[in-house]
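Engineer: PDB, C-alpha atoms and all ligand atoms, file final-v4.pdb:
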```
MODEL        1
ATOM      1  CA  MET E   1     145.493 -74.365 -83.795
ATOM      2  CA  LYS E   2     149.123 -75.455 -84.206
ATOM      3  CA  ILE E   3     150.241 -74.934 -87.796
ATOM      4  CA  GLY E   4     153.512 -76.386 -89.080
ATOM      5  CA  LEU E   5     155.391 -75.093 -92.125
ATOM      6  CA  TYR E   6     158.283 -77.022 -93.649
ATOM      7  CA  GLN E   7     160.485 -74.620 -95.624
ATOM      8  CA  PHE E   8     163.122 -76.527 -97.586
ATOM      9  CA  ALA E   9     164.760 -76.798-101.003
ATOM     10  CA  PRO E  10     163.087 -79.660-102.896
ATOM     11  CA  GLU E  11     165.560 -81.503-105.096
ATOM     12  CA  PHE E  12     164.417 -81.196-108.723
ATOM     13  CA  GLY E  13     162.858 -84.395-110.039
ATOM     14  CA  ALA E  14     163.560 -86.423-106.859
ATOM     15  CA  VAL E  15     159.921 -87.017-105.934
ATOM     16  CA  GLU E  16     160.532 -89.914-103.541
ATOM     17  CA  ARG E  17     163.448 -88.249-101.745
ATOM     18  CA  ASN E  18     161.503 -85.003-101.312
ATOM     19  CA  LEU E  19     158.535 -86.936 -99.934
ATOM     20  CA  GLU E  20     160.841 -88.781 -97.512
ATOM     21  CA  ARG E  21     162.093 -85.425 -96.200
ATOM     22  CA  ILE E  22     158.527 -84.218 -95.717
ATOM     23  CA  VAL E  23     157.535 -87.416 -93.902
ATOM     24  CA  GLY E  24     160.621 -87.198 -91.661
ATOM     25  CA  THR E  25     159.805 -83.590 -90.766
ATOM     26  CA  VAL E  26     156.136 -84.244 -89.990
ATOM     27  CA  ARG E  27     157.205 -87.202 -87.785
ATOM     28  CA  GLY E  28     159.627 -84.926 -85.915
ATOM     29  CA  ALA E  29     157.247 -82.171 -84.785
ATOM     30  CA  GLU E  30     153.670 -81.754 -83.563
ATOM     31  CA  ALA E  31     151.175 -79.713 -85.578
ATOM     32  CA  GLU E  32     147.468 -80.057 -86.329
ATOM     33  CA  LEU E  33     147.908 -78.794 -89.881
ATOM     34  CA  TRP E  34     151.043 -78.845 -92.025
ATOM     35  CA  VAL E  35     151.461 -76.496 -94.953
ATOM     36  CA  LEU E  36     154.159 -77.453 -97.465
ATOM     37  CA  PRO E  37     155.613 -75.491-100.391
ATOM     38  CA  GLU E  38     154.213 -75.295-103.922
ATOM     39  CA  LEU E  39     155.466 -78.212-106.111
ATOM     40  CA  ALA E  40     156.979 -79.681-102.958
ATOM     41  CA  THR E  41     157.904 -83.082-104.414
ATOM     42  CA  THR E  42     159.019 -82.180-107.950
ATOM     43  CA  GLY E  43     160.877 -78.872-107.778
ATOM     44  CA  TYR E  44     159.869 -75.873-109.857
ATOM     45  CA  LEU E  45     161.800 -75.190-113.061
ATOM     46  CA  PHE E  46     160.507 -77.664-115.636
ATOM     47  CA  ALA E  47     162.184 -77.538-119.047
ATOM     48  CA  ASP E  48     158.823 -77.934-120.767
ATOM     49  CA  ARG E  49     155.321 -79.326-120.441
ATOM     50  CA  ALA E  50     156.422 -82.884-121.297
ATOM     51  CA  GLU E  51     158.926 -82.945-118.436
ATOM     52  CA  CYS E  52     156.333 -81.476-116.108
ATOM     53  CA  ALA E  53     153.730 -84.076-117.150
ATOM     54  CA  ALA E  54     156.252 -86.898-116.682
ATOM     55  CA  LEU E  55     156.955 -85.837-113.074
ATOM     56  CA  ALA E  56     153.319 -85.020-112.238
ATOM     57  CA  GLU E  57     151.124 -87.558-110.489
ATOM     58  CA  THR E  58     147.450 -88.145-109.989
ATOM     59  CA  ILE E  59     145.566 -86.925-106.920
ATOM     60  CA  PRO E  60     144.781 -89.229-105.192
ATOM     61  CA  GLY E  61     148.130 -90.842-105.992
ATOM     62  CA  PRO E  62     151.289 -92.095-104.296
ATOM     63  CA  THR E  63     152.135 -88.796-102.570
ATOM     64  CA  THR E  64     148.654 -88.097-101.227
ATOM     65  CA  GLU E  65     148.364 -91.742-100.104
ATOM     66  CA  ALA E  66     151.637 -91.357 -98.172
ATOM     67  CA  LEU E  67     150.385 -88.077 -96.673
ATOM     68  CA  ALA E  68     147.070 -89.695 -95.682
ATOM     69  CA  ALA E  69     148.939 -92.554 -93.983
ATOM     70  CA  LEU E  70     151.054 -89.952 -92.178
ATOM     71  CA  SER E  71     147.859 -88.164 -91.111
ATOM     72  CA  ARG E  72     146.523 -91.381 -89.599
ATOM     73  CA  GLU E  73     149.830 -92.066 -87.848
ATOM     74  CA  ARG E  74     150.283 -88.529 -86.508
ATOM     75  CA  GLY E  75     146.689 -87.311 -86.142
ATOM     76  CA  THR E  76     147.439 -84.374 -88.414
ATOM     77  CA  ARG E  77     146.312 -82.885 -91.744
ATOM     78  CA  SER E  78     148.332 -81.316 -94.557
ATOM     79  CA  VAL E  79     148.186 -79.025 -97.569
ATOM     80  CA  ALA E  80     150.876 -79.872-100.116
ATOM     81  CA  GLY E  81     151.725 -78.248-103.428
ATOM     82  CA  LEU E  82     151.979 -80.946-106.128
ATOM     83  CA  ALA E  83     152.232 -81.223-109.909
ATOM     84  CA  GLU E  84     148.997 -83.007-110.824
ATOM     85  CA  ARG E  85     148.227 -85.056-113.940
ATOM     86  CA  LEU E  86     144.524 -85.357-114.755
ATOM     87  CA  GLY E  87     143.912 -87.018-118.138
ATOM     88  CA  ASP E  88     145.851 -84.923-120.651
ATOM     89  CA  ARG E  89     145.841 -81.911-118.305
ATOM     90  CA  VAL E  90     148.629 -80.868-115.954
ATOM     91  CA  TYR E  91     147.859 -78.620-113.012
ATOM     92  CA  ASN E  92     149.905 -76.818-110.388
ATOM     93  CA  SER E  93     147.770 -78.050-107.501
ATOM     94  CA  ALA E  94     147.432 -78.068-103.740
ATOM     95  CA  ALA E  95     146.060 -81.210-102.117
ATOM     96  CA  TYR E  96     144.355 -80.977 -98.733
ATOM     97  CA  VAL E  97     144.812 -84.372 -97.091
ATOM     98  CA  GLY E  98     143.551 -85.814 -93.815
ATOM     99  CA  PRO E  99     143.337 -89.280 -92.231
ATOM    100  CA  GLU E 100     140.373 -90.022 -94.520
ATOM    101  CA  GLY E 101     142.441 -89.294 -97.669
ATOM    102  CA  VAL E 102     142.206 -86.363-100.084
ATOM    103  CA  VAL E 103     139.679 -83.841 -98.778
ATOM    104  CA  ALA E 104     140.024 -81.319-101.615
ATOM    105  CA  VAL E 105     142.230 -80.261-104.510
ATOM    106  CA  TYR E 106     142.836 -76.646-105.524
ATOM    107  CA  ARG E 107     144.270 -76.085-109.022
ATOM    108  CA  LYS E 108     146.256 -72.866-109.354
ATOM    109  CA  VAL E 109     144.182 -70.236-111.113
ATOM    110  CA  HIS E 110     146.836 -67.550-111.734
ATOM    111  CA  LEU E 111     149.904 -69.113-113.363
ATOM    112  CA  PHE E 112     153.197 -67.237-113.050
ATOM    113  CA  ASP E 113     155.604 -66.636-115.939
ATOM    114  CA  ARG E 114     156.997 -69.956-117.323
ATOM    115  CA  GLU E 115     154.332 -71.947-115.480
ATOM    116  CA  ARG E 116     152.158 -70.949-118.429
ATOM    117  CA  LEU E 117     154.356 -73.121-120.660
ATOM    118  CA  CYS E 118     153.931 -76.195-118.476
ATOM    119  CA  PHE E 119     150.566 -76.132-116.710
ATOM    120  CA  ASP E 120     146.923 -75.677-117.550
ATOM    121  CA  PRO E 121     145.247 -72.903-115.566
ATOM    122  CA  GLY E 122     142.942 -74.176-112.829
ATOM    123  CA  PRO E 123     139.347 -74.188-114.106
ATOM    124  CA  GLU E 124     137.455 -74.349-110.791
ATOM    125  CA  PRO E 125     136.442 -71.537-108.428
ATOM    126  CA  PHE E 126     138.044 -70.930-105.031
ATOM    127  CA  ARG E 127     136.302 -73.022-102.357
ATOM    128  CA  VAL E 128     136.428 -73.585 -98.601
ATOM    129  CA  HIS E 129     136.639 -76.906 -96.754
ATOM    130  CA  PRO E 130     136.103 -78.109 -93.174
ATOM    131  CA  LEU E 131     139.038 -77.947 -90.757
ATOM    132  CA  GLY E 132     137.676 -79.133 -87.393
ATOM    133  CA  ASP E 133     135.332 -76.373 -86.224
ATOM    134  CA  PHE E 134     136.892 -73.988 -88.772
ATOM    135  CA  ARG E 135     137.099 -73.571 -92.540
ATOM    136  CA  LEU E 136     140.186 -73.770 -94.725
ATOM    137  CA  GLY E 137     140.756 -72.128 -98.093
ATOM    138  CA  MET E 138     143.702 -72.697-100.406
ATOM    139  CA  MET E 139     145.560 -70.516-102.856
ATOM    140  CA  ILE E 140     148.980 -71.018-104.450
ATOM    141  CA  CYS E 141     151.844 -68.541-104.659
ATOM    142  CA  PHE E 142     151.117 -65.888-107.360
ATOM    143  CA  ASP E 143     147.408 -65.961-106.457
ATOM    144  CA  TRP E 144     148.457 -63.474-103.739
ATOM    145  CA  MET E 145     148.710 -60.805-106.451
ATOM    146  CA  PHE E 146     144.966 -61.046-107.119
ATOM    147  CA  PRO E 147     143.066 -59.829-104.044
ATOM    148  CA  GLU E 148     139.925 -61.457-105.411
ATOM    149  CA  ALA E 149     141.353 -64.890-104.526
ATOM    150  CA  ALA E 150     141.627 -64.292-100.779
ATOM    151  CA  ARG E 151     138.439 -62.187-100.775
ATOM    152  CA  SER E 152     136.492 -64.957-102.469
ATOM    153  CA  LEU E 153     137.678 -67.401 -99.785
ATOM    154  CA  ALA E 154     136.835 -64.948 -96.990
ATOM    155  CA  LEU E 155     133.346 -64.339 -98.372
ATOM    156  CA  GLN E 156     132.761 -68.098 -98.240
ATOM    157  CA  GLY E 157     133.804 -68.136 -94.588
ATOM    158  CA  ALA E 158     137.455 -69.200 -94.706
ATOM    159  CA  ASP E 159     139.149 -68.796 -91.306
ATOM    160  CA  LEU E 160     142.578 -69.827 -92.556
ATOM    161  CA  ILE E 161     144.195 -69.601 -95.976
ATOM    162  CA  ALA E 162     146.833 -72.278 -96.594
ATOM    163  CA  HIS E 163     149.246 -70.838 -99.149
ATOM    164  CA  PRO E 164     151.963 -73.093-100.609
ATOM    165  CA  THR E 165     154.488 -70.971-102.521
ATOM    166  CA  ASN E 166     157.696 -70.962-104.598
ATOM    167  CA  LEU E 167     158.216 -67.197-104.385
ATOM    168  CA  VAL E 168     160.892 -65.504-106.435
ATOM    169  CA  LEU E 169     159.726 -61.878-106.171
ATOM    170  CA  PRO E 170     160.242 -60.050-102.860
ATOM    171  CA  TYR E 171     156.725 -58.647-102.334
ATOM    172  CA  CYS E 172     154.394 -61.423-101.220
ATOM    173  CA  GLN E 173     155.361 -61.797 -97.565
ATOM    174  CA  ALA E 174     154.522 -58.124 -96.907
ATOM    175  CA  ALA E 175     151.472 -58.144 -99.181
ATOM    176  CA  MET E 176     149.944 -61.087 -97.330
ATOM    177  CA  VAL E 177     149.677 -58.894 -94.226
ATOM    178  CA  THR E 178     147.112 -56.887 -96.177
ATOM    179  CA  ARG E 179     145.326 -60.036 -97.425
ATOM    180  CA  ALA E 180     144.975 -61.201 -93.779
ATOM    181  CA  LEU E 181     143.984 -57.783 -92.454
ATOM    182  CA  GLU E 182     141.461 -56.823 -95.131
ATOM    183  CA  ASN E 183     139.723 -60.207 -94.945
ATOM    184  CA  GLY E 184     140.133 -61.005 -91.254
ATOM    185  CA  VAL E 185     141.608 -64.425 -92.020
ATOM    186  CA  ALA E 186     144.749 -66.182 -90.836
ATOM    187  CA  CYS E 187     147.259 -66.902 -93.598
ATOM    188  CA  ALA E 188     149.959 -69.584 -93.595
ATOM    189  CA  THR E 189     152.437 -69.080 -96.448
ATOM    190  CA  CYS E 190     154.938 -71.927 -96.833
ATOM    191  CA  ASN E 191     157.700 -70.967 -99.232
ATOM    192  CA  ARG E 192     160.820 -72.813-100.392
ATOM    193  CA  ILE E 193     164.479 -71.860-100.417
ATOM    194  CA  GLY E 194     167.416 -72.541-102.705
ATOM    195  CA  THR E 195     168.300 -71.860-106.326
ATOM    196  CA  GLU E 196     167.285 -73.848-109.391
ATOM    197  CA  ARG E 197     169.262 -73.587-112.644
ATOM    198  CA  ARG E 198     167.542 -75.377-115.486
ATOM    199  CA  ALA E 199     166.504 -74.770-119.094
ATOM    200  CA  GLY E 200     168.786 -71.709-119.280
ATOM    201  CA  VAL E 201     166.961 -70.064-116.375
ATOM    202  CA  GLU E 202     168.139 -69.394-112.813
ATOM    203  CA  LEU E 203     165.693 -68.713-110.005
ATOM    204  CA  THR E 204     166.371 -68.084-106.315
ATOM    205  CA  PHE E 205     163.477 -68.600-103.942
ATOM    206  CA  THR E 206     162.902 -66.134-101.131
ATOM    207  CA  GLY E 207     162.064 -68.249 -98.043
ATOM    208  CA  ARG E 208     160.587 -66.247 -95.150
ATOM    209  CA  SER E 209     157.657 -68.618 -94.772
ATOM    210  CA  GLN E 210     155.221 -67.065 -92.337
ATOM    211  CA  VAL E 211     152.026 -67.322 -90.335
ATOM    212  CA  LEU E 212     149.715 -64.319 -89.885
ATOM    213  CA  ASP E 213     146.787 -64.213 -87.499
ATOM    214  CA  PRO E 214     143.315 -62.981 -88.576
ATOM    215  CA  ARG E 215     144.329 -59.405 -87.675
ATOM    216  CA  GLY E 216     147.394 -59.502 -89.915
ATOM    217  CA  ARG E 217     149.886 -59.895 -87.062
ATOM    218  CA  LEU E 218     153.051 -61.815 -87.900
ATOM    219  CA  LEU E 219     153.201 -64.774 -85.503
ATOM    220  CA  GLY E 220     156.317 -66.370 -86.930
ATOM    221  CA  GLN E 221     158.610 -66.125 -89.921
ATOM    222  CA  ALA E 222     161.422 -68.391 -91.172
ATOM    223  CA  ALA E 223     164.790 -67.203 -92.476
ATOM    224  CA  ALA E 224     165.288 -66.200 -96.117
ATOM    225  CA  ASP E 225     167.764 -68.932 -96.967
ATOM    226  CA  ALA E 226     167.700 -71.730 -94.385
ATOM    227  CA  GLU E 227     165.788 -74.958 -94.143
ATOM    228  CA  GLU E 228     163.367 -74.526 -91.265
ATOM    229  CA  THR E 229     160.426 -76.165 -89.576
ATOM    230  CA  LEU E 230     158.205 -73.421 -88.190
ATOM    231  CA  VAL E 231     155.404 -74.433 -85.823
ATOM    232  CA  VAL E 232     153.105 -71.609 -84.754
ATOM    233  CA  GLU E 233     150.005 -71.538 -82.553
ATOM    234  CA  VAL E 234     147.301 -69.368 -84.112
ATOM    235  CA  ASP E 235     143.857 -68.554 -82.728
ATOM    236  CA  LEU E 236     141.399 -68.833 -85.625
ATOM    237  CA  ALA E 237     138.344 -67.704 -83.618
ATOM    238  CA  PRO E 238     138.866 -63.956 -84.350
ATOM    239  CA  ALA E 239     138.348 -64.755 -88.048
ATOM    240  CA  ARG E 240     134.623 -64.997 -87.223
ATOM    241  CA  ASP E 241     134.542 -61.359 -86.075
ATOM    242  CA  LYS E 242     134.939 -59.030 -89.050
ATOM    243  CA  ARG E 243     134.490 -55.786 -87.092
ATOM    244  CA  ILE E 244     137.174 -53.106 -87.416
ATOM    245  CA  THR E 245     135.547 -50.444 -85.224
ATOM    246  CA  GLU E 246     132.147 -50.282 -83.546
ATOM    247  CA  ARG E 247     130.813 -48.943 -86.853
ATOM    248  CA  ASN E 248     132.895 -50.803 -89.410
ATOM    249  CA  ASP E 249     132.917 -54.362 -90.677
ATOM    250  CA  ARG E 250     135.468 -55.675 -93.177
ATOM    251  CA  LEU E 251     133.013 -57.629 -95.242
ATOM    252  CA  GLY E 252     129.718 -55.968 -94.295
ATOM    253  CA  ASP E 253     130.838 -52.458 -95.305
ATOM    254  CA  ARG E 254     131.662 -53.445 -98.861
ATOM    255  CA  ARG E 255     129.673 -51.635-101.581
ATOM    256  CA  PRO E 256     129.740 -54.230-104.367
ATOM    257  CA  GLU E 257     127.112 -52.338-106.348
ATOM    258  CA  LEU E 258     129.752 -49.600-106.831
ATOM    259  CA  TYR E 259     132.609 -51.916-107.809
ATOM    260  CA  ARG E 260     133.191 -52.719-111.444
ATOM    261  CA  THR E 261     134.463 -56.259-111.411
ATOM    262  CA  SER E 262     135.453 -56.321-115.093
ATOM    263  CA  SER E 263     137.107 -53.661-117.209
TER     264      SER E 263
HETATM  265  C1  LIG A   1     154.920 -68.372-108.251
HETATM  266  O1  LIG A   1     153.712 -68.225-108.419
HETATM  267  N1  LIG A   1     155.455 -69.559-108.050
HETATM  268  C2  LIG A   1     155.814 -67.213-108.247
ENDMDL
END
```
Rewrite the structure from the file as structure tokens, please.

Structural biologist:
Amino acid sequence: MKIGLYQFAPEFGAVERNLERIVGTVRGAEAELWVLPELATTGYLFADRAECAALAETIPGPTTEALAALSRERGTRSVAGLAERLGDRVYNSAAYVGPEGVVAVYRKVHLFDRERLCFDPGPEPFRVHPLGDFRLGMMICFDWMFPEAARSLALQGADLIAHPTNLVLPYCQAAMVTRALENGVACATCNRIGTERRAGVELTFTGRSQVLDPRGRLLGQAAADAEETLVVEVDLAPARDKRITERNDRLGDRRPELYRTSS
């Protein structure tokens, strides 16, 4: 499967301009699935919850409708990080969109730092969704720090994890190799670049968007600080084979009866 990542610096608050850049990029390259950054249309550093809610949109909404139209035009699918308004709730969400419209929404479970001031934590469990003959799971940025997220998706049969990010710490790109390897799933992490200075805070995002195959091999990685469209061919079939050696299986060898899952 050809996976496209669009690593760029969304302009804060310029939802329509950011969407136009995404549409232009998807029109300019061939991929079966596009993964876009976290909060790809709004930018990241909201001053407060009210500003975040004002820039958030519903799902389905204008952005997912534009992405669905693009899917029909290009015969592609996409996973986009979006600020989502749902009643009086605001979520840091990822929308999985195909020609038929919104297929699924994932609402970020593990909020990072100031996100806790702006968003509600996602209330629903991790789930997998059809992707042709394969299955797609979603997680967002800081979810990488909690191995249970990727493991939960793998146990449900995910072959690929689509991972929109706005990474500011330097660890995730290396850590995702372990997430892919220990679960036998491909992982597509689409990060952003650039610096945001708002609300007395400055954050620089770490780029290096990447695609890992189901054995944890790095198939492609973008630069740390340049806008880049990365299109990578990844074979998802090995995700169905969880063997490590003749006598070991990633998921089958687990001993859950010996794991304490709460402290
Ligand atoms: C993050 O979760 N955006 C660091």

Engineer: Kindly indicate which residue among E:Tyr44, E:Cys52, E:Leu39, E:Glu32 lies nearest to Pro99 (chain E), using only C-alpha atoms for the distances.

Structural biologist: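 Closest candidate: E:Glu32.
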
Engineer: Determine the nearest neighbour of Ala174 (chain E) from the options E:Val79, E:Val26, E:Cys187, E:Leu55, counting only C-alpha atoms.

Structural biologist: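 With only C-alpha atoms as the atom set, the closest residue is E:Cys187.
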
Engineer: Which residue, E:Ser209, E:Thr165, E:Thr261, E:Thr63, has the smallest gap to ligand LIG 1 (chain A) when you use all atoms listed in the file?

Structural biologist: E:Thr165

Engineer: Give the answer as one residue: which of E:Asn183, E:Thr42, E:Asn92, E:Thr229 has the shortest atom-to-atom distance to ligand LIG 1 (chain A), using only C-alpha atoms and all ligand atoms?

Structural biologist: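 Comparing E:Asn183, E:Thr42, E:Asn92, E:Thr229 against ligand LIG 1 (chain A), the winner is E:Asn92.
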
Engineer: Could you list, as a VMD selection string, every residue matched by the PyMOL selection byres (((chain E and resi 109-121) around 9) and not hetatm) in this structure?

Structural biologist: chain E and resid 44 to 53 83 89 to 92 106 to 108 122 to 126 139 to 143 145 to 146 149

Engineer: Output as lines of an AutoDock Vina configuration file the centre and edge lengths (Å, one decimal) of the box along x, y and z of the file that holds every listed atom of ligand LIG 1 (chain A) after adding 8 Å on each side.

Structural biologist:
```
center_x = 154.8
center_y = -68.4
center_z = -108.2
size_x = 18.1
size_y = 18.3
size_z = 16.4
```

Engineer: So what does the PyMOL selection byres (((chain E and resi 72) around 12) and not hetatm) actually pick up in this one, as a list in words?

Structural biologist: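 Applied to this file, the PyMOL selection byres (((chain E and resi 72) around 12) and not hetatm) returns Val26, Arg27, Glu32, Glu65, Ala66, Leu67, Ala68, Ala69, Leu70, Ser71, Glu73, Arg74, Gly75, Thr76, Arg77, Ser78, Val97, Gly98, Pro99, Glu100 and Gly101 of chain E.
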
Engineer: Care to translate the PyMOL selection byres (((chain E and resi 138) around 12) and not hetatm) into actual residues of this file, as a PyMOL selection string?

Structural biologist: chain E and resi 35-36+38+78-81+93-96+103-109+125-131+135-137+139-141+143-144+149-154+158-165+185-190

Engineer: Hey, could you patch up region 216-226 of chain E with all heavy atoms and hand it over as a compact mmCIF listing (two decimals), in the frame of the given file?

Structural biologist:
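Saved file part23.txt follows:
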```txt
# COMPACT_ATOMS: atom_id res chain seq x y z
N GLY E 216 146.22 -59.87 -89.11
CA GLY E 216 147.39 -59.50 -89.92
C GLY E 216 148.68 -59.43 -89.12
O GLY E 216 149.70 -58.95 -89.63
N ARG E 217 148.65 -59.93 -87.87
CA ARG E 217 149.89 -59.90 -87.06
C ARG E 217 150.78 -61.08 -87.41
O ARG E 217 150.30 -62.21 -87.52
CB ARG E 217 149.55 -59.93 -85.56
CG ARG E 217 148.96 -58.60 -85.07
CD ARG E 217 148.63 -58.70 -83.60
NE ARG E 217 147.52 -59.60 -83.39
CZ ARG E 217 146.38 -59.28 -82.77
NH1 ARG E 217 146.21 -58.08 -82.27
NH2 ARG E 217 145.42 -60.18 -82.61
N LEU E 218 152.07 -60.79 -87.55
CA LEU E 218 153.05 -61.82 -87.90
C LEU E 218 153.37 -62.65 -86.66
O LEU E 218 153.98 -62.14 -85.71
CB LEU E 218 154.32 -61.13 -88.44
CG LEU E 218 155.41 -62.04 -88.98
CD1 LEU E 218 154.94 -62.84 -90.20
CD2 LEU E 218 156.64 -61.22 -89.35
N LEU E 219 152.99 -63.91 -86.67
CA LEU E 219 153.20 -64.77 -85.50
C LEU E 219 154.52 -65.52 -85.57
O LEU E 219 155.03 -65.99 -84.56
CB LEU E 219 152.06 -65.78 -85.37
CG LEU E 219 150.66 -65.19 -85.20
CD1 LEU E 219 149.64 -66.31 -85.05
CD2 LEU E 219 150.60 -64.24 -84.00
N GLY E 220 155.05 -65.67 -86.78
CA GLY E 220 156.32 -66.37 -86.93
C GLY E 220 156.77 -66.29 -88.37
O GLY E 220 155.93 -66.27 -89.28
N GLN E 221 158.08 -66.20 -88.56
CA GLN E 221 158.61 -66.12 -89.92
C GLN E 221 159.96 -66.85 -89.96
O GLN E 221 160.80 -66.66 -89.08
CB GLN E 221 158.79 -64.68 -90.37
CG GLN E 221 159.14 -64.56 -91.85
CD GLN E 221 159.17 -63.10 -92.31
OE1 GLN E 221 159.99 -62.31 -91.82
NE2 GLN E 221 158.30 -62.75 -93.24
N ALA E 222 160.16 -67.66 -91.00
CA ALA E 222 161.42 -68.39 -91.17
C ALA E 222 162.46 -67.47 -91.82
O ALA E 222 162.14 -66.38 -92.31
CB ALA E 222 161.18 -69.62 -92.04
N ALA E 223 163.69 -67.96 -91.85
CA ALA E 223 164.79 -67.20 -92.48
C ALA E 223 164.63 -67.21 -94.00
O ALA E 223 163.85 -67.98 -94.56
CB ALA E 223 166.12 -67.84 -92.11
N ALA E 224 165.38 -66.32 -94.66
CA ALA E 224 165.29 -66.20 -96.12
C ALA E 224 165.95 -67.36 -96.84
O ALA E 224 165.59 -67.68 -97.97
CB ALA E 224 165.91 -64.87 -96.56
N ASP E 225 166.93 -67.99 -96.20
CA ASP E 225 167.76 -68.93 -96.97
C ASP E 225 168.16 -70.17 -96.19
O ASP E 225 169.17 -70.80 -96.48
CB ASP E 225 169.01 -68.20 -97.46
CG ASP E 225 169.75 -67.52 -96.31
OD1 ASP E 225 169.32 -67.72 -95.15
OD2 ASP E 225 170.71 -66.80 -96.56
N ALA E 226 167.36 -70.54 -95.17
CA ALA E 226 167.70 -71.73 -94.38
C ALA E 226 166.52 -72.69 -94.34
O ALA E 226 165.37 -72.25 -94.29
CB ALA E 226 168.09 -71.33 -92.96
```
